[in-house]
>>> print(open('model32.pdb').read())   # PDB, C-alpha atoms and all ligand atoms
ATOM      1  CA  MET W   1     121.690  52.398  98.510  1.00  0.00           C
ATOM      2  CA  ALA W   2     121.216  51.390  94.910  1.00  0.00           C
ATOM      3  CA  ALA W   3     124.381  50.610  92.979  1.00  0.00           C
ATOM      4  CA  GLY W   4     125.401  49.377  89.537  1.00  0.00           C
ATOM      5  CA  ALA W   5     122.626  48.348  87.149  1.00  0.00           C
ATOM      6  CA  ASN W   6     119.960  49.025  89.787  1.00  0.00           C
ATOM      7  CA  ALA W   7     121.251  52.578  90.245  1.00  0.00           C
ATOM      8  CA  ARG W   8     120.889  53.196  86.509  1.00  0.00           C
ATOM      9  CA  GLU W   9     117.329  51.917  86.693  1.00  0.00           C
ATOM     10  CA  VAL W  10     116.481  54.158  89.644  1.00  0.00           C
ATOM     11  CA  LEU W  11     118.054  57.170  87.958  1.00  0.00           C
ATOM     12  CA  GLU W  12     116.140  56.494  84.770  1.00  0.00           C
ATOM     13  CA  ARG W  13     112.895  56.282  86.714  1.00  0.00           C
ATOM     14  CA  ILE W  14     113.574  59.624  88.358  1.00  0.00           C
ATOM     15  CA  ARG W  15     114.650  61.223  85.067  1.00  0.00           C
ATOM     16  CA  THR W  16     111.455  60.145  83.339  1.00  0.00           C
ATOM     17  CA  VAL W  17     108.996  61.394  85.984  1.00  0.00           C
ATOM     18  CA  ARG W  18     106.564  63.608  84.057  1.00  0.00           C
ATOM     19  CA  GLN W  19     103.580  65.771  84.864  1.00  0.00           C
ATOM     20  CA  ILE W  20     100.464  63.584  84.548  1.00  0.00           C
ATOM     21  CA  ARG W  21      97.143  65.291  83.788  1.00  0.00           C
ATOM     22  CA  GLN W  22      95.072  62.390  82.488  1.00  0.00           C
ATOM     23  CA  PHE W  23      94.027  59.621  84.849  1.00  0.00           C
ATOM     24  CA  ARG W  24      91.992  56.444  84.805  1.00  0.00           C
ATOM     25  CA  PRO W  25      88.936  56.748  87.036  1.00  0.00           C
ATOM     26  CA  ASP W  26      90.137  53.931  89.339  1.00  0.00           C
ATOM     27  CA  PRO W  27      90.570  55.002  92.958  1.00  0.00           C
ATOM     28  CA  VAL W  28      94.016  55.228  94.496  1.00  0.00           C
ATOM     29  CA  PRO W  29      94.334  52.416  97.083  1.00  0.00           C
ATOM     30  CA  GLN W  30      94.573  53.601 100.691  1.00  0.00           C
ATOM     31  CA  GLU W  31      97.868  51.750 101.073  1.00  0.00           C
ATOM     32  CA  ALA W  32      99.369  53.860  98.276  1.00  0.00           C
ATOM     33  CA  VAL W  33      97.969  57.036  99.862  1.00  0.00           C
ATOM     34  CA  ASN W  34      99.632  56.040 103.149  1.00  0.00           C
ATOM     35  CA  ASP W  35     102.934  55.450 101.331  1.00  0.00           C
ATOM     36  CA  LEU W  36     102.723  58.851  99.645  1.00  0.00           C
ATOM     37  CA  LEU W  37     101.978  60.613 102.924  1.00  0.00           C
ATOM     38  CA  GLU W  38     104.904  58.879 104.606  1.00  0.00           C
ATOM     39  CA  ILE W  39     107.224  60.015 101.812  1.00  0.00           C
ATOM     40  CA  ALA W  40     105.846  63.551 102.150  1.00  0.00           C
ATOM     41  CA  ARG W  41     106.267  63.492 105.924  1.00  0.00           C
ATOM     42  CA  TRP W  42     109.954  62.613 105.653  1.00  0.00           C
ATOM     43  CA  THR W  43     110.797  65.387 103.213  1.00  0.00           C
ATOM     44  CA  GLY W  44     113.552  67.666 104.473  1.00  0.00           C
ATOM     45  CA  SER W  45     112.641  71.268 105.202  1.00  0.00           C
ATOM     46  CA  SER W  46     114.332  74.456 106.270  1.00  0.00           C
ATOM     47  CA  ARG W  47     115.610  73.955 109.834  1.00  0.00           C
ATOM     48  CA  ASN W  48     113.390  70.855 109.884  1.00  0.00           C
ATOM     49  CA  THR W  49     110.413  73.114 110.522  1.00  0.00           C
ATOM     50  CA  GLN W  50     108.128  70.727 108.581  1.00  0.00           C
ATOM     51  CA  PRO W  51     105.875  73.687 107.785  1.00  0.00           C
ATOM     52  CA  TRP W  52     103.189  71.614 106.056  1.00  0.00           C
ATOM     53  CA  HIS W  53      99.813  70.047 106.438  1.00  0.00           C
ATOM     54  CA  PHE W  54      98.396  67.736 103.774  1.00  0.00           C
ATOM     55  CA  ILE W  55      94.755  67.479 102.758  1.00  0.00           C
ATOM     56  CA  VAL W  56      93.866  64.259 100.972  1.00  0.00           C
ATOM     57  CA  ILE W  57      90.943  64.973  98.659  1.00  0.00           C
ATOM     58  CA  SER W  58      88.941  62.322  96.845  1.00  0.00           C
ATOM     59  CA  ASP W  59      85.526  63.984  96.910  1.00  0.00           C
ATOM     60  CA  LYS W  60      84.566  64.552  93.254  1.00  0.00           C
ATOM     61  CA  GLU W  61      82.648  67.733  93.943  1.00  0.00           C
ATOM     62  CA  THR W  62      85.581  69.292  95.798  1.00  0.00           C
ATOM     63  CA  LEU W  63      87.970  68.370  92.983  1.00  0.00           C
ATOM     64  CA  ARG W  64      85.530  69.809  90.468  1.00  0.00           C
ATOM     65  CA  GLN W  65      85.302  73.089  92.398  1.00  0.00           C
ATOM     66  CA  ILE W  66      89.090  73.378  92.557  1.00  0.00           C
ATOM     67  CA  SER W  67      89.377  72.548  88.849  1.00  0.00           C
ATOM     68  CA  ARG W  68      87.179  75.546  88.080  1.00  0.00           C
ATOM     69  CA  LEU W  69      89.523  78.024  89.743  1.00  0.00           C
ATOM     70  CA  ARG W  70      91.276  78.663  86.415  1.00  0.00           C
ATOM     71  CA  PRO W  71      91.557  77.022  82.968  1.00  0.00           C
ATOM     72  CA  PRO W  72      95.089  75.534  83.325  1.00  0.00           C
ATOM     73  CA  ILE W  73      93.847  73.151  86.030  1.00  0.00           C
ATOM     74  CA  THR W  74      90.504  71.944  84.631  1.00  0.00           C
ATOM     75  CA  TRP W  75      92.013  68.433  84.310  1.00  0.00           C
ATOM     76  CA  VAL W  76      91.966  68.157  88.137  1.00  0.00           C
ATOM     77  CA  ALA W  77      88.225  67.391  87.870  1.00  0.00           C
ATOM     78  CA  ASP W  78      89.047  63.956  86.431  1.00  0.00           C
ATOM     79  CA  ALA W  79      91.732  63.010  88.960  1.00  0.00           C
ATOM     80  CA  PRO W  80      90.630  60.395  91.497  1.00  0.00           C
ATOM     81  CA  LEU W  81      92.630  62.028  94.279  1.00  0.00           C
ATOM     82  CA  ALA W  82      94.700  65.078  95.131  1.00  0.00           C
ATOM     83  CA  ILE W  83      96.942  66.057  98.007  1.00  0.00           C
ATOM     84  CA  ALA W  84      96.782  69.765  98.778  1.00  0.00           C
ATOM     85  CA  ILE W  85      99.867  71.224 100.421  1.00  0.00           C
ATOM     86  CA  VAL W  86      99.082  73.735 103.157  1.00  0.00           C
ATOM     87  CA  LEU W  87     101.985  75.736 104.574  1.00  0.00           C
ATOM     88  CA  ASP W  88     102.238  77.450 107.933  1.00  0.00           C
ATOM     89  CA  GLY W  89     102.585  80.882 106.316  1.00  0.00           C
ATOM     90  CA  ALA W  90     105.323  81.954 108.743  1.00  0.00           C
ATOM     91  CA  ARG W  91     108.385  81.983 106.414  1.00  0.00           C
ATOM     92  CA  PRO W  92     107.307  82.551 102.802  1.00  0.00           C
ATOM     93  CA  THR W  93     110.684  82.045 101.093  1.00  0.00           C
ATOM     94  CA  SER W  94     111.803  78.836 102.768  1.00  0.00           C
ATOM     95  CA  GLU W  95     108.272  77.442 102.725  1.00  0.00           C
ATOM     96  CA  ALA W  96     108.113  77.919  98.954  1.00  0.00           C
ATOM     97  CA  TYR W  97     111.315  75.879  98.677  1.00  0.00           C
ATOM     98  CA  ASP W  98     109.967  73.215 101.030  1.00  0.00           C
ATOM     99  CA  GLU W  99     106.741  73.026  99.035  1.00  0.00           C
ATOM    100  CA  GLY W 100     108.734  72.342  95.873  1.00  0.00           C
ATOM    101  CA  ARG W 101     110.699  69.598  97.582  1.00  0.00           C
ATOM    102  CA  VAL W 102     107.639  67.826  98.917  1.00  0.00           C
ATOM    103  CA  SER W 103     105.805  68.159  95.586  1.00  0.00           C
ATOM    104  CA  GLU W 104     108.641  66.567  93.651  1.00  0.00           C
ATOM    105  CA  ARG W 105     108.847  63.711  96.153  1.00  0.00           C
ATOM    106  CA  LEU W 106     105.150  63.056  95.699  1.00  0.00           C
ATOM    107  CA  LEU W 107     105.570  62.975  91.915  1.00  0.00           C
ATOM    108  CA  ILE W 108     108.475  60.542  92.150  1.00  0.00           C
ATOM    109  CA  ALA W 109     106.787  58.321  94.748  1.00  0.00           C
ATOM    110  CA  ALA W 110     103.600  58.212  92.673  1.00  0.00           C
ATOM    111  CA  GLN W 111     105.565  56.984  89.665  1.00  0.00           C
ATOM    112  CA  VAL W 112     107.368  54.352  91.752  1.00  0.00           C
ATOM    113  CA  LEU W 113     103.955  53.089  92.927  1.00  0.00           C
ATOM    114  CA  GLY W 114     102.729  52.745  89.333  1.00  0.00           C
ATOM    115  CA  LEU W 115     100.677  55.912  89.676  1.00  0.00           C
ATOM    116  CA  GLY W 116     101.271  59.359  88.243  1.00  0.00           C
ATOM    117  CA  GLY W 117     101.093  62.831  89.684  1.00  0.00           C
ATOM    118  CA  GLY W 118     100.564  66.348  88.439  1.00  0.00           C
ATOM    119  CA  VAL W 119     101.113  69.709  90.085  1.00  0.00           C
ATOM    120  CA  ALA W 120      98.109  72.032  89.970  1.00  0.00           C
ATOM    121  CA  TRP W 121      98.761  75.640  90.892  1.00  0.00           C
ATOM    122  CA  PHE W 122      95.707  77.385  92.291  1.00  0.00           C
ATOM    123  CA  GLY W 123      96.657  80.698  90.681  1.00  0.00           C
ATOM    124  CA  ASP W 124      96.873  84.246  91.962  1.00  0.00           C
ATOM    125  CA  ALA W 125      95.959  85.555  95.428  1.00  0.00           C
ATOM    126  CA  SER W 126      92.227  85.575  94.700  1.00  0.00           C
ATOM    127  CA  HIS W 127      92.352  81.939  93.501  1.00  0.00           C
ATOM    128  CA  GLU W 128      94.258  80.991  96.651  1.00  0.00           C
ATOM    129  CA  THR W 129      91.605  82.632  98.786  1.00  0.00           C
ATOM    130  CA  GLU W 130      88.908  80.696  96.961  1.00  0.00           C
ATOM    131  CA  ALA W 131      90.853  77.404  97.248  1.00  0.00           C
ATOM    132  CA  LYS W 132      91.213  78.004 100.994  1.00  0.00           C
ATOM    133  CA  ARG W 133      87.492  78.603 101.283  1.00  0.00           C
ATOM    134  CA  ILE W 134      86.668  75.409  99.373  1.00  0.00           C
ATOM    135  CA  LEU W 135      89.069  73.370 101.493  1.00  0.00           C
ATOM    136  CA  GLY W 136      88.339  75.041 104.843  1.00  0.00           C
ATOM    137  CA  ILE W 137      91.923  76.213 105.269  1.00  0.00           C
ATOM    138  CA  PRO W 138      92.494  79.000 107.858  1.00  0.00           C
ATOM    139  CA  THR W 139      93.216  82.330 106.139  1.00  0.00           C
ATOM    140  CA  GLU W 140      96.606  82.812 107.822  1.00  0.00           C
ATOM    141  CA  ARG W 141      97.947  79.645 106.192  1.00  0.00           C
ATOM    142  CA  THR W 142      99.435  79.505 102.704  1.00  0.00           C
ATOM    143  CA  ALA W 143      97.837  77.193 100.131  1.00  0.00           C
ATOM    144  CA  ARG W 144      99.134  77.470  96.586  1.00  0.00           C
ATOM    145  CA  SER W 145      98.997  74.050  95.043  1.00  0.00           C
ATOM    146  CA  MET W 146      97.985  70.435  95.078  1.00  0.00           C
ATOM    147  CA  VAL W 147      99.412  67.301  93.562  1.00  0.00           C
ATOM    148  CA  ALA W 148      96.752  65.285  91.725  1.00  0.00           C
ATOM    149  CA  ILE W 149      97.372  61.543  91.798  1.00  0.00           C
ATOM    150  CA  GLY W 150      95.981  58.571  89.919  1.00  0.00           C
ATOM    151  CA  TYR W 151      96.712  55.792  87.472  1.00  0.00           C
ATOM    152  CA  PRO W 152      98.057  57.552  84.384  1.00  0.00           C
ATOM    153  CA  ILE W 153      96.496  57.338  80.950  1.00  0.00           C
ATOM    154  CA  SER W 154      99.109  59.501  79.271  1.00  0.00           C
ATOM    155  CA  ALA W 155     101.744  62.138  79.992  1.00  0.00           C
ATOM    156  CA  ARG W 156     100.398  64.256  77.149  1.00  0.00           C
ATOM    157  CA  ASP W 157      99.359  67.798  78.038  1.00  0.00           C
ATOM    158  CA  PRO W 158      95.711  67.884  76.902  1.00  0.00           C
ATOM    159  CA  ARG W 159      95.191  71.582  77.519  1.00  0.00           C
ATOM    160  CA  PRO W 160      94.385  73.908  74.582  1.00  0.00           C
ATOM    161  CA  ASN W 161      97.587  75.810  75.322  1.00  0.00           C
ATOM    162  CA  PRO W 162     100.000  73.025  76.342  1.00  0.00           C
ATOM    163  CA  ALA W 163     103.332  73.617  78.071  1.00  0.00           C
ATOM    164  CA  ARG W 164     106.317  72.850  75.850  1.00  0.00           C
ATOM    165  CA  GLY W 165     107.814  69.432  76.523  1.00  0.00           C
ATOM    166  CA  GLY W 166     111.442  68.308  76.514  1.00  0.00           C
ATOM    167  CA  ARG W 167     114.306  70.020  78.272  1.00  0.00           C
ATOM    168  CA  LYS W 168     117.134  72.432  77.478  1.00  0.00           C
ATOM    169  CA  PRO W 169     120.437  70.722  76.673  1.00  0.00           C
ATOM    170  CA  LEU W 170     123.045  70.568  79.448  1.00  0.00           C
ATOM    171  CA  SER W 171     125.340  72.744  77.306  1.00  0.00           C
ATOM    172  CA  GLU W 172     122.855  75.580  77.777  1.00  0.00           C
ATOM    173  CA  ILE W 173     122.331  75.289  81.542  1.00  0.00           C
ATOM    174  CA  VAL W 174     125.640  74.145  83.067  1.00  0.00           C
ATOM    175  CA  SER W 175     128.905  75.998  83.687  1.00  0.00           C
ATOM    176  CA  TYR W 176     132.095  74.801  85.315  1.00  0.00           C
ATOM    177  CA  GLU W 177     133.896  76.773  88.044  1.00  0.00           C
ATOM    178  CA  ARG W 178     132.543  80.162  86.871  1.00  0.00           C
ATOM    179  CA  PHE W 179     129.204  81.198  85.410  1.00  0.00           C
ATOM    180  CA  GLY W 180     129.296  80.838  81.639  1.00  0.00           C
ATOM    181  CA  ALA W 181     132.575  78.868  81.541  1.00  0.00           C
ATOM    182  CA  SER W 182     132.628  75.498  79.781  1.00  0.00           C
ATOM    183  CA  LYS W 183     134.571  72.433  80.925  1.00  0.00           C
ATOM    184  CA  ARG W 184     138.246  72.557  80.064  1.00  0.00           C
TER     185      ARG W 184
HETATM  186  C1  LIG R   1     105.271  75.711  90.388  1.00  0.00           C
HETATM  187  C2  LIG R   1     104.597  74.880  89.350  1.00  0.00           C
HETATM  188  C3  LIG R   1     103.290  75.152  89.001  1.00  0.00           C
HETATM  189  C4  LIG R   1     102.642  74.370  88.047  1.00  0.00           C
HETATM  190  N1  LIG R   1     101.354  74.624  87.763  1.00  0.00           N
HETATM  191  C5  LIG R   1     100.712  73.868  86.863  1.00  0.00           C
HETATM  192  C6  LIG R   1      99.338  74.083  86.603  1.00  0.00           C
HETATM  193  O1  LIG R   1      98.697  74.934  87.212  1.00  0.00           O
HETATM  194  N2  LIG R   1      98.735  73.315  85.680  1.00  0.00           N
HETATM  195  C7  LIG R   1      99.392  72.328  85.024  1.00  0.00           C
HETATM  196  O2  LIG R   1      98.778  71.649  84.216  1.00  0.00           O
HETATM  197  N3  LIG R   1     100.706  72.098  85.253  1.00  0.00           N
HETATM  198  C8  LIG R   1     101.371  72.831  86.162  1.00  0.00           C
HETATM  199  N4  LIG R   1     102.682  72.604  86.430  1.00  0.00           N
HETATM  200  C9  LIG R   1     103.398  71.522  85.725  1.00  0.00           C
HETATM  201  C10 LIG R   1     104.338  72.026  84.652  1.00  0.00           C
HETATM  202  O3  LIG R   1     103.584  72.488  83.553  1.00  0.00           O
HETATM  203  C11 LIG R   1     105.262  70.861  84.290  1.00  0.00           C
HETATM  204  O4  LIG R   1     106.108  70.619  85.381  1.00  0.00           O
HETATM  205  C12 LIG R   1     106.124  71.177  83.076  1.00  0.00           C
HETATM  206  O5  LIG R   1     105.325  71.463  81.942  1.00  0.00           O
HETATM  207  C13 LIG R   1     107.022  69.991  82.746  1.00  0.00           C
HETATM  208  O6  LIG R   1     106.224  68.857  82.479  1.00  0.00           O
HETATM  209  P1  LIG R   1     106.888  67.474  82.068  1.00  0.00           P
HETATM  210  O7  LIG R   1     107.763  67.035  83.206  1.00  0.00           O
HETATM  211  O8  LIG R   1     105.749  66.537  81.829  1.00  0.00           O
HETATM  212  O9  LIG R   1     107.709  67.713  80.827  1.00  0.00           O
HETATM  213  C14 LIG R   1     103.338  73.334  87.397  1.00  0.00           C
HETATM  214  C15 LIG R   1     104.654  73.059  87.767  1.00  0.00           C
HETATM  215  C16 LIG R   1     105.267  73.800  88.739  1.00  0.00           C
HETATM  216  C17 LIG R   1     106.684  73.470  89.141  1.00  0.00           C
END
>>> encode(input="model32.pdb", output="C-alpha cells")
Amino acid sequence: MAAGANAREVLERIRTVRQIRQFRPDPVPQEAVNDLLEIARWTGSSRNTQPWHFIVISDKETLRQISRLRPPITWVADAPLAIAIVLDGARPTSEAYDEGRVSERLLIAAQVLGLGGGVAWFGDASHETEAKRILGIPTERTARSMVAIGYPISARDPRPNPARGGRKPLSEIVSYERFGASKR
C-alpha cells in the first residue's frame, strides 16, 4: 500500500480525476484496454454478483450513433473508444450502485494510464432502448451508460450548456456524529 509522500501523490491523482469529453483521435492501445477491463472485472459488487458485461466499442459509426441519442453526449462521436456497461437487470438498486463503482474505477484507471474518461448517460427509457438496439444488447438487460476513453485534450466541458465545475466545500457536506452537527 502507498504510504508517505507516495500516498499524497496517489490521493492527489484520485482527487483530480475529472470528466473528460475532448479526446485526441489517437487509438487507445490494446494493452491499456486490457488493463481497464481487468480493473473493471475486479470491482466489488453487491454479494459479489458481478452483474456486468462490458462492450468495448471503437467503431466510429457505432460511437456516432450513440452520440446522437441526445445532445448532452454528442462529444462521444469524437472519442476513440468507449466501454458500455451492461447490467444483468435482476436487482435494479444494487446494480445501479455497482455500475457507479465500476464507472469510477474506469475513470481513475484511465487517468493513471495517461488517458482520460467520461461518463455518457444514454438518457431516458426510450434512449436506453435505442442504445440496446444499436449495441445488440438483449432487452431484458439494463444498459444506461458508457465510459468514453481516450487521450485527453482538455477537461473543459465543451457543451453549450456545461455542467458547473468545482465542488461544494466540506463545511457544507459533512457533519460529525449527528446530521447537521459540526466538529466540536
Ligand atoms: C450518473 C452520471 C451521468 C452522467 N451523464 C453525463 C452525460 O450524459 N454527459 C456528460 O457529458 N457528462 C455526464 N456525466 C458527468 C458529469 O457531468 C460530471 O461527473 C460532473 O459534471 C463533474 O465533472 P468534473 O469531475 O469534471 O468536475 C455524468 C455523471 C454521472 C455520475
>>> residues_near_ligand(input="model32.pdb", ligand="ligand LIG 1 (chain R)", cutoff="6 Å", atoms="only C-alpha atoms and all ligand atoms", output="list in words")
Arg18, Gln19, Pro72, Ile73, Val119, Ala120, Trp121, Ala163, Gly165 and Gly166 of chain W
>>> residues_around(input="model32.pdb", residues="region 47-62 of chain W", least_positions_apart="2", cutoff="9 Å", atoms="only C-alpha atoms", output="PyMOL selection string")
chain W and resi 27+33+37+40-45+64-67+77-91+95+98-99+134-135+146
>>> write_last_selection(input="model32.pdb", atoms="C-alpha atoms", output="PDB file, in the coordinates of the input")
ATOM      1  CA  PRO W  27      90.570  55.002  92.958  1.00  0.00           C
ATOM      2  CA  VAL W  33      97.969  57.036  99.862  1.00  0.00           C
ATOM      3  CA  LEU W  37     101.978  60.613 102.924  1.00  0.00           C
ATOM      4  CA  ALA W  40     105.846  63.551 102.150  1.00  0.00           C
ATOM      5  CA  ARG W  41     106.267  63.492 105.924  1.00  0.00           C
ATOM      6  CA  TRP W  42     109.954  62.613 105.653  1.00  0.00           C
ATOM      7  CA  THR W  43     110.797  65.387 103.213  1.00  0.00           C
ATOM      8  CA  GLY W  44     113.552  67.666 104.473  1.00  0.00           C
ATOM      9  CA  SER W  45     112.641  71.268 105.202  1.00  0.00           C
ATOM     10  CA  ARG W  64      85.530  69.809  90.468  1.00  0.00           C
ATOM     11  CA  GLN W  65      85.302  73.089  92.398  1.00  0.00           C
ATOM     12  CA  ILE W  66      89.090  73.378  92.557  1.00  0.00           C
ATOM     13  CA  SER W  67      89.377  72.548  88.849  1.00  0.00           C
ATOM     14  CA  ALA W  77      88.225  67.391  87.870  1.00  0.00           C
ATOM     15  CA  ASP W  78      89.047  63.956  86.431  1.00  0.00           C
ATOM     16  CA  ALA W  79      91.732  63.010  88.960  1.00  0.00           C
ATOM     17  CA  PRO W  80      90.630  60.395  91.497  1.00  0.00           C
ATOM     18  CA  LEU W  81      92.630  62.028  94.279  1.00  0.00           C
ATOM     19  CA  ALA W  82      94.700  65.078  95.131  1.00  0.00           C
ATOM     20  CA  ILE W  83      96.942  66.057  98.007  1.00  0.00           C
ATOM     21  CA  ALA W  84      96.782  69.765  98.778  1.00  0.00           C
ATOM     22  CA  ILE W  85      99.867  71.224 100.421  1.00  0.00           C
ATOM     23  CA  VAL W  86      99.082  73.735 103.157  1.00  0.00           C
ATOM     24  CA  LEU W  87     101.985  75.736 104.574  1.00  0.00           C
ATOM     25  CA  ASP W  88     102.238  77.450 107.933  1.00  0.00           C
ATOM     26  CA  GLY W  89     102.585  80.882 106.316  1.00  0.00           C
ATOM     27  CA  ALA W  90     105.323  81.954 108.743  1.00  0.00           C
ATOM     28  CA  ARG W  91     108.385  81.983 106.414  1.00  0.00           C
ATOM     29  CA  GLU W  95     108.272  77.442 102.725  1.00  0.00           C
ATOM     30  CA  ASP W  98     109.967  73.215 101.030  1.00  0.00           C
ATOM     31  CA  GLU W  99     106.741  73.026  99.035  1.00  0.00           C
ATOM     32  CA  ILE W 134      86.668  75.409  99.373  1.00  0.00           C
ATOM     33  CA  LEU W 135      89.069  73.370 101.493  1.00  0.00           C
ATOM     34  CA  MET W 146      97.985  70.435  95.078  1.00  0.00           C
TER      35      MET W 146
END
>>> closest_residue(input="model32.pdb", among="W:Ile153, W:Ala148, W:Leu69, W:Val76", to="Glu128 (chain W)", atoms="all atoms listed in the file")
W:Leu69
>>> closest_residue(input="model32.pdb", among="W:Asp26, W:Glu31, W:Glu38, W:Glu130", to="Arg70 (chain W)", atoms="all atoms listed in the file")
W:Glu130
>>> atom_distance(input="model32.pdb", atom1="CA of Phe23 (chain W)", atom2="CA of Pro152 (chain W)")
4.6 Å
>>> atom_distance(input="model32.pdb", atom1="CA of Gln22 (chain W)", atom2="CA of Asn161 (chain W)")
15.4 Å
>>> resolve_selection(input="model32.pdb", expression="the PyMOL selection byres (((chain W and resi 110) around 12) and not hetatm)", output="ChimeraX atom specification")
/W:13-14,17-20,28-29,32-37,39-40,81-83,103-109,111-118,147-152
>>> axis_aligned_box(input="model32.pdb", around="region 164-174 of chain W", padding_each_side="8 Å", output="lines of an AutoDock Vina configuration file")
center_x = 116.0
center_y = 71.9
center_z = 79.5
size_x = 35.3
size_y = 23.3
size_z = 23.2
>>> atom_distance(input="model32.pdb", atom1="CA of Lys132 (chain W)", atom2="CA of Leu63 (chain W)")
12.9 Å
>>> closest_residue(input="model32.pdb", among="W:Ala5, W:Val174, W:Ala131, W:Leu11", to="Ser145 (chain W)", atoms="only C-alpha atoms")
W:Ala131
>>> closest_residue(input="model32.pdb", among="W:Val102, W:Ala181, W:Ala7, W:Ala96", to="Arg144 (chain W)", atoms="only C-alpha atoms")
W:Ala96
>>> build_atoms(input="model32.pdb", residues="region 142-148 of chain W", atoms="all heavy atoms", output="compact mmCIF listing (two decimals), in the frame of the given file")
# COMPACT_ATOMS: atom_id res chain seq x y z
N THR W 142 99.19 79.36 104.14
CA THR W 142 99.44 79.50 102.70
C THR W 142 98.98 78.23 102.01
O THR W 142 99.32 77.13 102.47
CB THR W 142 100.95 79.71 102.44
OG1 THR W 142 101.37 80.88 103.13
CG2 THR W 142 101.24 79.84 100.95
N ALA W 143 98.23 78.36 100.93
CA ALA W 143 97.84 77.19 100.13
C ALA W 143 97.90 77.60 98.67
O ALA W 143 97.11 78.44 98.23
CB ALA W 143 96.44 76.73 100.52
N ARG W 144 98.88 77.04 97.96
CA ARG W 144 99.13 77.47 96.59
C ARG W 144 98.86 76.38 95.57
O ARG W 144 98.68 76.63 94.40
CB ARG W 144 100.62 77.82 96.45
CG ARG W 144 101.00 79.23 96.58
CD ARG W 144 102.46 79.38 96.25
NE ARG W 144 103.28 78.67 97.22
CZ ARG W 144 104.00 79.29 98.16
NH1 ARG W 144 104.00 80.59 98.23
NH2 ARG W 144 104.71 78.59 99.01
N SER W 145 98.99 75.11 96.05
CA SER W 145 99.00 74.05 95.04
C SER W 145 98.53 72.73 95.62
O SER W 145 98.48 72.54 96.83
CB SER W 145 100.42 73.87 94.50
OG SER W 145 101.27 73.34 95.50
N MET W 146 98.25 71.82 94.71
CA MET W 146 97.98 70.44 95.08
C MET W 146 98.69 69.54 94.08
O MET W 146 99.04 69.97 92.99
CB MET W 146 96.48 70.15 95.13
CG MET W 146 95.76 70.53 93.88
SD MET W 146 94.04 69.93 93.83
CE MET W 146 93.39 70.33 95.42
N VAL W 147 98.89 68.30 94.49
CA VAL W 147 99.41 67.30 93.56
C VAL W 147 98.29 66.30 93.32
O VAL W 147 97.83 65.63 94.26
CB VAL W 147 100.66 66.60 94.13
CG1 VAL W 147 101.17 65.54 93.14
CG2 VAL W 147 101.77 67.61 94.41
N ALA W 148 97.80 66.25 92.08
CA ALA W 148 96.75 65.28 91.72
C ALA W 148 97.43 63.95 91.45
O ALA W 148 98.53 63.90 90.89
CB ALA W 148 96.01 65.77 90.48
